[in-house]
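Q: This structure is in structure tokens; I'll ask about it shortly.
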Amino acid sequence: MKPCRTEHDLVGTMAVPAGAYYGIHSMRAAENFPITGRRLPPELIRVLAQIKKTCAQANAAAGVLTDEVSRAICDACDEIIAGKLHDQFIVDPIQGGAGTSSNMNANEVIANRAIELLGGEKGDYALVHPNDHVNASQSTNDVYPTAIRLTLYAALAPLCDALDGLSRAFEERANAFADVVTLGRTQLQDAVPMRFGQIFSAYAEVMKRERGRVLAARERLAVVNLGGTAVGTGLNAPAAYLAKVVPALAAITGYPLSRSANCVDATQNADDLLALSAALKGCGMSLSKICNDLRLLSSGPSGGFGDLLLPARQNGSSIMPGKVNPVIPEVVSQIAFRLAGMDITVTMAAEAGQLSLNAFEPVMFDSLYQGCTELERGVRTLTAHCIRGVEVNRDRCRALVDACPVMATALAPRTGYAEASRIAALAQRTGRPVRDIALEEGVLTVQEADELLDPLRMTDALEK
């Protein structure tokens, strides 16, 4: 039997492995919340350590902690920031208690490592106490909301970088396909010609807008409630500590942080997380729409649209030789479906908060963090494995345009809508090009046909 130490809390006593840096509160949480089978992400652990280090420094400056205890706490935090002791964070990301288990896990690990650094034995909380020292001038209610927002703030930077890369890849393809005319499609029916350069340019623009929405939501996360303690009133946080802690945290993280002008508001409301959820979901929906287009436009090759040629990434069937599926657009759409579900979770959790605190930020954070990281990976794989290698079937596009009765749309200003409709119907019925019918019936001269029915000229009315 492994040696243990006995720890006490309000509920009773528990045997804690003697070598563990976590304590009784972490063990109870691990026992109570075996929900996802995952543990806190390393990024959140590092941010918790950054916050605890900053608070220890501010508490020393305010005279709440001795310099010796503050240094030991800071040294322990530095080890965690460097990646050590992460295996000692044993709580599940989804938990009751509004994040108390995550906060106490950090408090206990930091306290026990600080105790060791001071020459003591783990569990000797007279030297460094998880609550009285590591958690001094704090509450879960300001530490945990601050930690999850900073973790999301950091995670959104690579997502925005990925979205910028995708926009540029669309622009590159738009330039490459600037002269390729195909049929537009509205309601899955033939429409007037347009250039593939215009199609990919539109994809680039919507991704730029989605990136802007994500960036706007990210900026709101930099306003934190650290210093508000339990309900946002700042109880037990001395003025000298309050003056230092948020600026010091901004310095250690490099983020443009500020304390909320109303910490009571910031402690009970999660509309900033709602805004982020909406931005991630919106980005996912726009991406999925584009991926739907890619799948349709590349469908076939014999029985579908056949306009686009997507990079072949893997065999598409275990039974049909030669079949290749649009697997990259498919996986990105699946990420979008998860983001839609995430948004429902975050919406319900934000609404479910009562009175002075929202107890459901753990599930909001877990949903947003997973959604953000999956979306970033999806964007990168779409960029690298699909968009940069996509090509157009130029011969197919030209044939579609030449044979399409909708080309008669260009005749309407000259002949009137009724006559243009008659010619379109005749072209549809006979399979003959609109140009041939218009010339045969004397509706247009050759020069007029060259001018009015030139597919490339038909696509640039707004550019003249």
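Chain lettering (A, B, ...) mirrors the order of the structure tokens, residue numbering begins at 1 for each chain separately, and ligand numbering begins at 1 in order of display.
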Give me the residues near Gln354 of chain A as a PyMOL selection string, where near means some atom within 10 Å (using only C-alpha atoms) and where sequence neighbours in that chain fewer than 6 positions away do not count.
A: chain A and resi 268-269+360
Q: Quick one: residues within 6 Å of segment 39-47 of chain A, only C-alpha atoms counted, chain neighbours fewer than 5 positions away excluded, as a PyMOL selection string?
A: chain A and resi 81+91-93+147+151
Q: Taking all heavy atoms for each residue, export the selection above as a compact mmCIF listing (two decimals), in the first residue's frame.
A:
# COMPACT_ATOMS: atom_id res chain seq x y z
N ILE A 81 4.34 27.10 -15.10
CA ILE A 81 4.32 27.84 -16.36
C ILE A 81 5.28 27.19 -17.37
O ILE A 81 5.00 27.14 -18.57
CB ILE A 81 4.69 29.32 -16.13
CG1 ILE A 81 3.59 30.01 -15.30
CG2 ILE A 81 4.90 30.05 -17.45
CD1 ILE A 81 3.98 31.37 -14.76
N VAL A 91 -8.44 17.49 -12.05
CA VAL A 91 -9.89 17.70 -12.11
C VAL A 91 -10.36 17.74 -13.56
O VAL A 91 -9.62 18.09 -14.48
CB VAL A 91 -10.30 19.00 -11.38
CG1 VAL A 91 -9.85 18.95 -9.92
CG2 VAL A 91 -9.76 20.23 -12.06
N ASP A 92 -11.59 17.36 -13.76
CA ASP A 92 -12.24 17.37 -15.06
C ASP A 92 -12.60 18.80 -15.43
O ASP A 92 -12.97 19.60 -14.56
CB ASP A 92 -13.51 16.50 -15.01
CG ASP A 92 -14.03 16.13 -16.38
OD1 ASP A 92 -14.69 16.97 -17.02
OD2 ASP A 92 -13.78 14.98 -16.80
N PRO A 93 -12.51 19.16 -16.71
CA PRO A 93 -12.86 20.55 -17.09
C PRO A 93 -14.33 20.89 -16.84
O PRO A 93 -14.65 22.06 -16.60
CB PRO A 93 -12.51 20.62 -18.58
CG PRO A 93 -12.41 19.21 -19.04
CD PRO A 93 -11.98 18.42 -17.86
N ALA A 147 -9.11 33.43 -15.72
CA ALA A 147 -8.25 32.40 -16.32
C ALA A 147 -8.84 31.87 -17.62
O ALA A 147 -8.12 31.69 -18.60
CB ALA A 147 -8.04 31.26 -15.32
N THR A 151 -7.17 32.25 -21.36
CA THR A 151 -6.87 31.04 -22.13
C THR A 151 -7.52 31.11 -23.51
O THR A 151 -6.89 30.78 -24.53
CB THR A 151 -7.34 29.80 -21.38
OG1 THR A 151 -6.75 29.77 -20.08
CG2 THR A 151 -6.96 28.53 -22.12
Q: Give me the residues near segment 19-26 of chain A as a PyMOL selection string, where near means some atom within 8 Å (using only C-alpha atoms) and where sequence neighbours in that chain fewer than 2 positions away do not count.
A: chain A and resi 4+7-9+13-17+28-30+88-91+101-102+104-106+108-110+112-113+122-123
Q: Env of Arg429 of chain A: 12 Å cut, atoms = only C-alpha atoms, seq-sep filter 6 positions within chain, self excluded. Answer as a short mmCIF file (atom, residue, chain, number, x, y, z; two decimals) with N, CA and C atoms, in the first residue's frame.
A:
data_model
loop_
_atom_site.label_atom_id
_atom_site.label_comp_id
_atom_site.auth_asym_id
_atom_site.auth_seq_id
_atom_site.Cartn_x
_atom_site.Cartn_y
_atom_site.Cartn_z
N ALA A 403 -23.60 26.29 -73.95
CA ALA A 403 -24.85 25.56 -74.20
C ALA A 403 -26.02 26.06 -73.36
N CYS A 404 -25.80 27.03 -72.49
CA CYS A 404 -26.82 27.39 -71.51
C CYS A 404 -27.87 28.35 -72.08
N PRO A 405 -29.15 28.01 -72.02
CA PRO A 405 -30.22 28.91 -72.48
C PRO A 405 -30.29 30.21 -71.71
N ARG A 422 -38.60 33.63 -75.14
CA ARG A 422 -38.93 32.71 -76.25
C ARG A 422 -37.67 32.06 -76.81
N ILE A 423 -36.62 32.87 -76.97
CA ILE A 423 -35.36 32.34 -77.50
C ILE A 423 -34.74 31.35 -76.51
N ILE A 437 -29.35 30.73 -82.51
CA ILE A 437 -30.76 31.06 -82.75
C ILE A 437 -30.92 32.54 -83.03
#
Q: Can you check which residues of segment 172-302 of chain A DSSP gives as strand (DSSP E) on the backbone and send them as a ChimeraX atom specification?
A: /A:181-186,189-195,223-224,258-259
Q: Name the residues in contact with Gly184 of chain A at a cut-off of 12 Å, using only C-alpha atoms, excluding same-chain residues fewer than 2 positions from it; report them as a list in words.
A: Val181, Thr182, Thr186, Gln187, Leu188, Gln189, Asp190, Ala191, Val192, Pro193, Met194, Arg195, Phe196, Gln198, Ile199, Asp293, Leu297, Phe305, Asp307, Cys397, Leu400, Val401, Cys404, Val406, Met407, Pro455, Met458 and Thr459 of chain A
Q: Output the selection as a short mmCIF file (atom, residue, chain, number, x, y, z; two decimals), in the first residue's frame - N, CA, C and O atoms for each residue.
A:
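Saved as again-v2.cif:
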data_model
loop_
_atom_site.label_atom_id
_atom_site.label_comp_id
_atom_site.auth_asym_id
_atom_site.auth_seq_id
_atom_site.Cartn_x
_atom_site.Cartn_y
_atom_site.Cartn_z
N VAL A 181 -14.66 31.55 -67.04
CA VAL A 181 -16.08 31.82 -66.93
C VAL A 181 -16.84 30.51 -66.76
O VAL A 181 -16.57 29.52 -67.46
N THR A 182 -17.77 30.49 -65.83
CA THR A 182 -18.64 29.34 -65.64
C THR A 182 -20.06 29.85 -65.47
O THR A 182 -20.30 31.06 -65.50
N THR A 186 -28.29 29.67 -59.13
CA THR A 186 -29.17 30.15 -58.07
C THR A 186 -30.25 29.11 -57.85
O THR A 186 -30.87 28.65 -58.81
N GLN A 187 -30.44 28.73 -56.60
CA GLN A 187 -31.42 27.68 -56.25
C GLN A 187 -31.15 26.38 -57.01
O GLN A 187 -32.05 25.65 -57.39
N LEU A 188 -29.84 26.12 -57.22
CA LEU A 188 -29.36 24.91 -57.90
C LEU A 188 -29.78 24.85 -59.37
O LEU A 188 -29.72 23.79 -59.99
N GLN A 189 -30.19 25.99 -59.92
CA GLN A 189 -30.54 26.07 -61.34
C GLN A 189 -29.55 27.01 -62.04
O GLN A 189 -28.93 27.87 -61.42
N ASP A 190 -29.43 26.83 -63.36
CA ASP A 190 -28.51 27.65 -64.14
C ASP A 190 -28.85 29.13 -64.01
O ASP A 190 -30.01 29.53 -64.04
N ALA A 191 -27.81 29.95 -63.88
CA ALA A 191 -27.96 31.40 -63.85
C ALA A 191 -26.96 32.00 -64.84
O ALA A 191 -26.29 31.27 -65.59
N VAL A 192 -26.84 33.31 -64.84
CA VAL A 192 -25.97 33.97 -65.82
C VAL A 192 -24.51 33.67 -65.51
O VAL A 192 -24.15 33.27 -64.41
N PRO A 193 -23.64 33.87 -66.51
CA PRO A 193 -22.22 33.55 -66.31
C PRO A 193 -21.56 34.42 -65.25
O PRO A 193 -21.96 35.56 -64.99
N MET A 194 -20.55 33.85 -64.65
CA MET A 194 -19.68 34.58 -63.73
C MET A 194 -18.31 33.93 -63.79
O MET A 194 -18.16 32.79 -64.26
N ARG A 195 -17.31 34.66 -63.29
CA ARG A 195 -15.95 34.13 -63.32
C ARG A 195 -15.64 33.40 -62.02
O ARG A 195 -16.09 33.79 -60.95
N PHE A 196 -14.85 32.34 -62.14
CA PHE A 196 -14.43 31.65 -60.94
C PHE A 196 -13.58 32.57 -60.06
O PHE A 196 -13.54 32.40 -58.84
N GLN A 198 -14.36 35.57 -59.42
CA GLN A 198 -15.35 36.26 -58.58
C GLN A 198 -15.85 35.34 -57.46
O GLN A 198 -16.08 35.79 -56.33
N ILE A 199 -16.03 34.07 -57.79
CA ILE A 199 -16.51 33.12 -56.78
C ILE A 199 -15.51 33.02 -55.63
O ILE A 199 -15.87 33.12 -54.45
N ASP A 293 -20.40 24.36 -51.40
CA ASP A 293 -20.14 24.78 -52.77
C ASP A 293 -19.04 23.93 -53.40
O ASP A 293 -19.16 23.48 -54.55
N LEU A 297 -19.64 21.79 -56.70
CA LEU A 297 -18.94 22.20 -57.91
C LEU A 297 -17.94 21.14 -58.38
O LEU A 297 -17.57 21.11 -59.56
N PHE A 305 -21.58 18.25 -61.33
CA PHE A 305 -21.29 19.56 -61.91
C PHE A 305 -19.96 19.54 -62.65
O PHE A 305 -19.85 20.01 -63.78
N ASP A 307 -17.25 21.29 -62.35
CA ASP A 307 -16.53 22.54 -62.62
C ASP A 307 -15.15 22.56 -61.98
O ASP A 307 -14.19 23.07 -62.56
N CYS A 397 -16.30 24.11 -68.02
CA CYS A 397 -16.95 25.40 -67.76
C CYS A 397 -17.35 26.08 -69.07
O CYS A 397 -18.46 26.63 -69.18
N LEU A 400 -20.41 24.40 -70.64
CA LEU A 400 -21.64 24.72 -69.92
C LEU A 400 -22.16 26.10 -70.31
O LEU A 400 -23.36 26.30 -70.55
N VAL A 401 -21.25 27.06 -70.38
CA VAL A 401 -21.65 28.43 -70.71
C VAL A 401 -22.19 28.50 -72.14
O VAL A 401 -23.23 29.10 -72.40
N CYS A 404 -25.80 27.03 -72.49
CA CYS A 404 -26.82 27.39 -71.51
C CYS A 404 -27.87 28.35 -72.08
O CYS A 404 -27.53 29.45 -72.54
N VAL A 406 -29.79 30.23 -70.48
CA VAL A 406 -29.86 31.45 -69.67
C VAL A 406 -29.02 32.57 -70.27
O VAL A 406 -29.17 33.74 -69.91
N MET A 407 -28.14 32.25 -71.22
CA MET A 407 -27.40 33.30 -71.92
C MET A 407 -28.34 34.30 -72.56
O MET A 407 -27.97 35.45 -72.84
N PRO A 455 -19.23 35.78 -72.95
CA PRO A 455 -19.39 35.42 -71.53
C PRO A 455 -18.52 36.26 -70.60
O PRO A 455 -18.96 36.65 -69.51
N MET A 458 -19.96 39.62 -70.03
CA MET A 458 -21.18 39.57 -69.23
C MET A 458 -20.91 39.54 -67.73
O MET A 458 -21.81 39.80 -66.93
N THR A 459 -19.68 39.27 -67.34
CA THR A 459 -19.37 39.11 -65.91
C THR A 459 -18.79 40.36 -65.25
O THR A 459 -18.56 40.36 -64.04
#
Q: Have a look at A:Ala359, A:Met364, A:Val180, A:Val134 and name the one nearest to Arg394 of chain A; count only C-alpha atoms.
A: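 Between A:Ala359, A:Met364, A:Val180, A:Val134, the residue approaching Arg394 of chain A most closely is A:Val180.
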Q: Atom CA of Val332 of chain A and atom CA of Arg185 of chain A are how many Å apart?
A: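 We find that atom CA of Val332 of chain A and atom CA of Arg185 of chain A lie 22.7 Å from each other.
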Q: Give the answer as one residue: which of A:Gly232, A:Val223, A:Leu249, A:Lys208 has the shortest atom-to-atom distance to Cys283 of chain A, using only C-alpha atoms?
A: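 Comparing A:Gly232, A:Val223, A:Leu249, A:Lys208 against Cys283 of chain A, the winner is A:Lys208.
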Q: Report as a count of residues only: the residues of segment 39-158 of chain A with a DSSP assignment of helix (DSSP H, G or I), based on the backbone of this structure.
A: 80
Q: Could you tell me which of A:Leu85, A:Ala237, A:Ala278, A:Leu368 comes closest to Leu156 of chain A if we count only C-alpha atoms?
A: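 Ranking A:Leu85, A:Ala237, A:Ala278, A:Leu368 by distance to Leu156 of chain A, first place goes to A:Leu368.
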Q: Kindly indicate which residue among A:Gly197, A:Gly12, A:Gly389, A:Gly353 lies nearest to Ala176 of chain A, using only C-alpha atoms for the distances.
A: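 The shortest atom-to-atom distance to Ala176 of chain A comes from A:Gly197.
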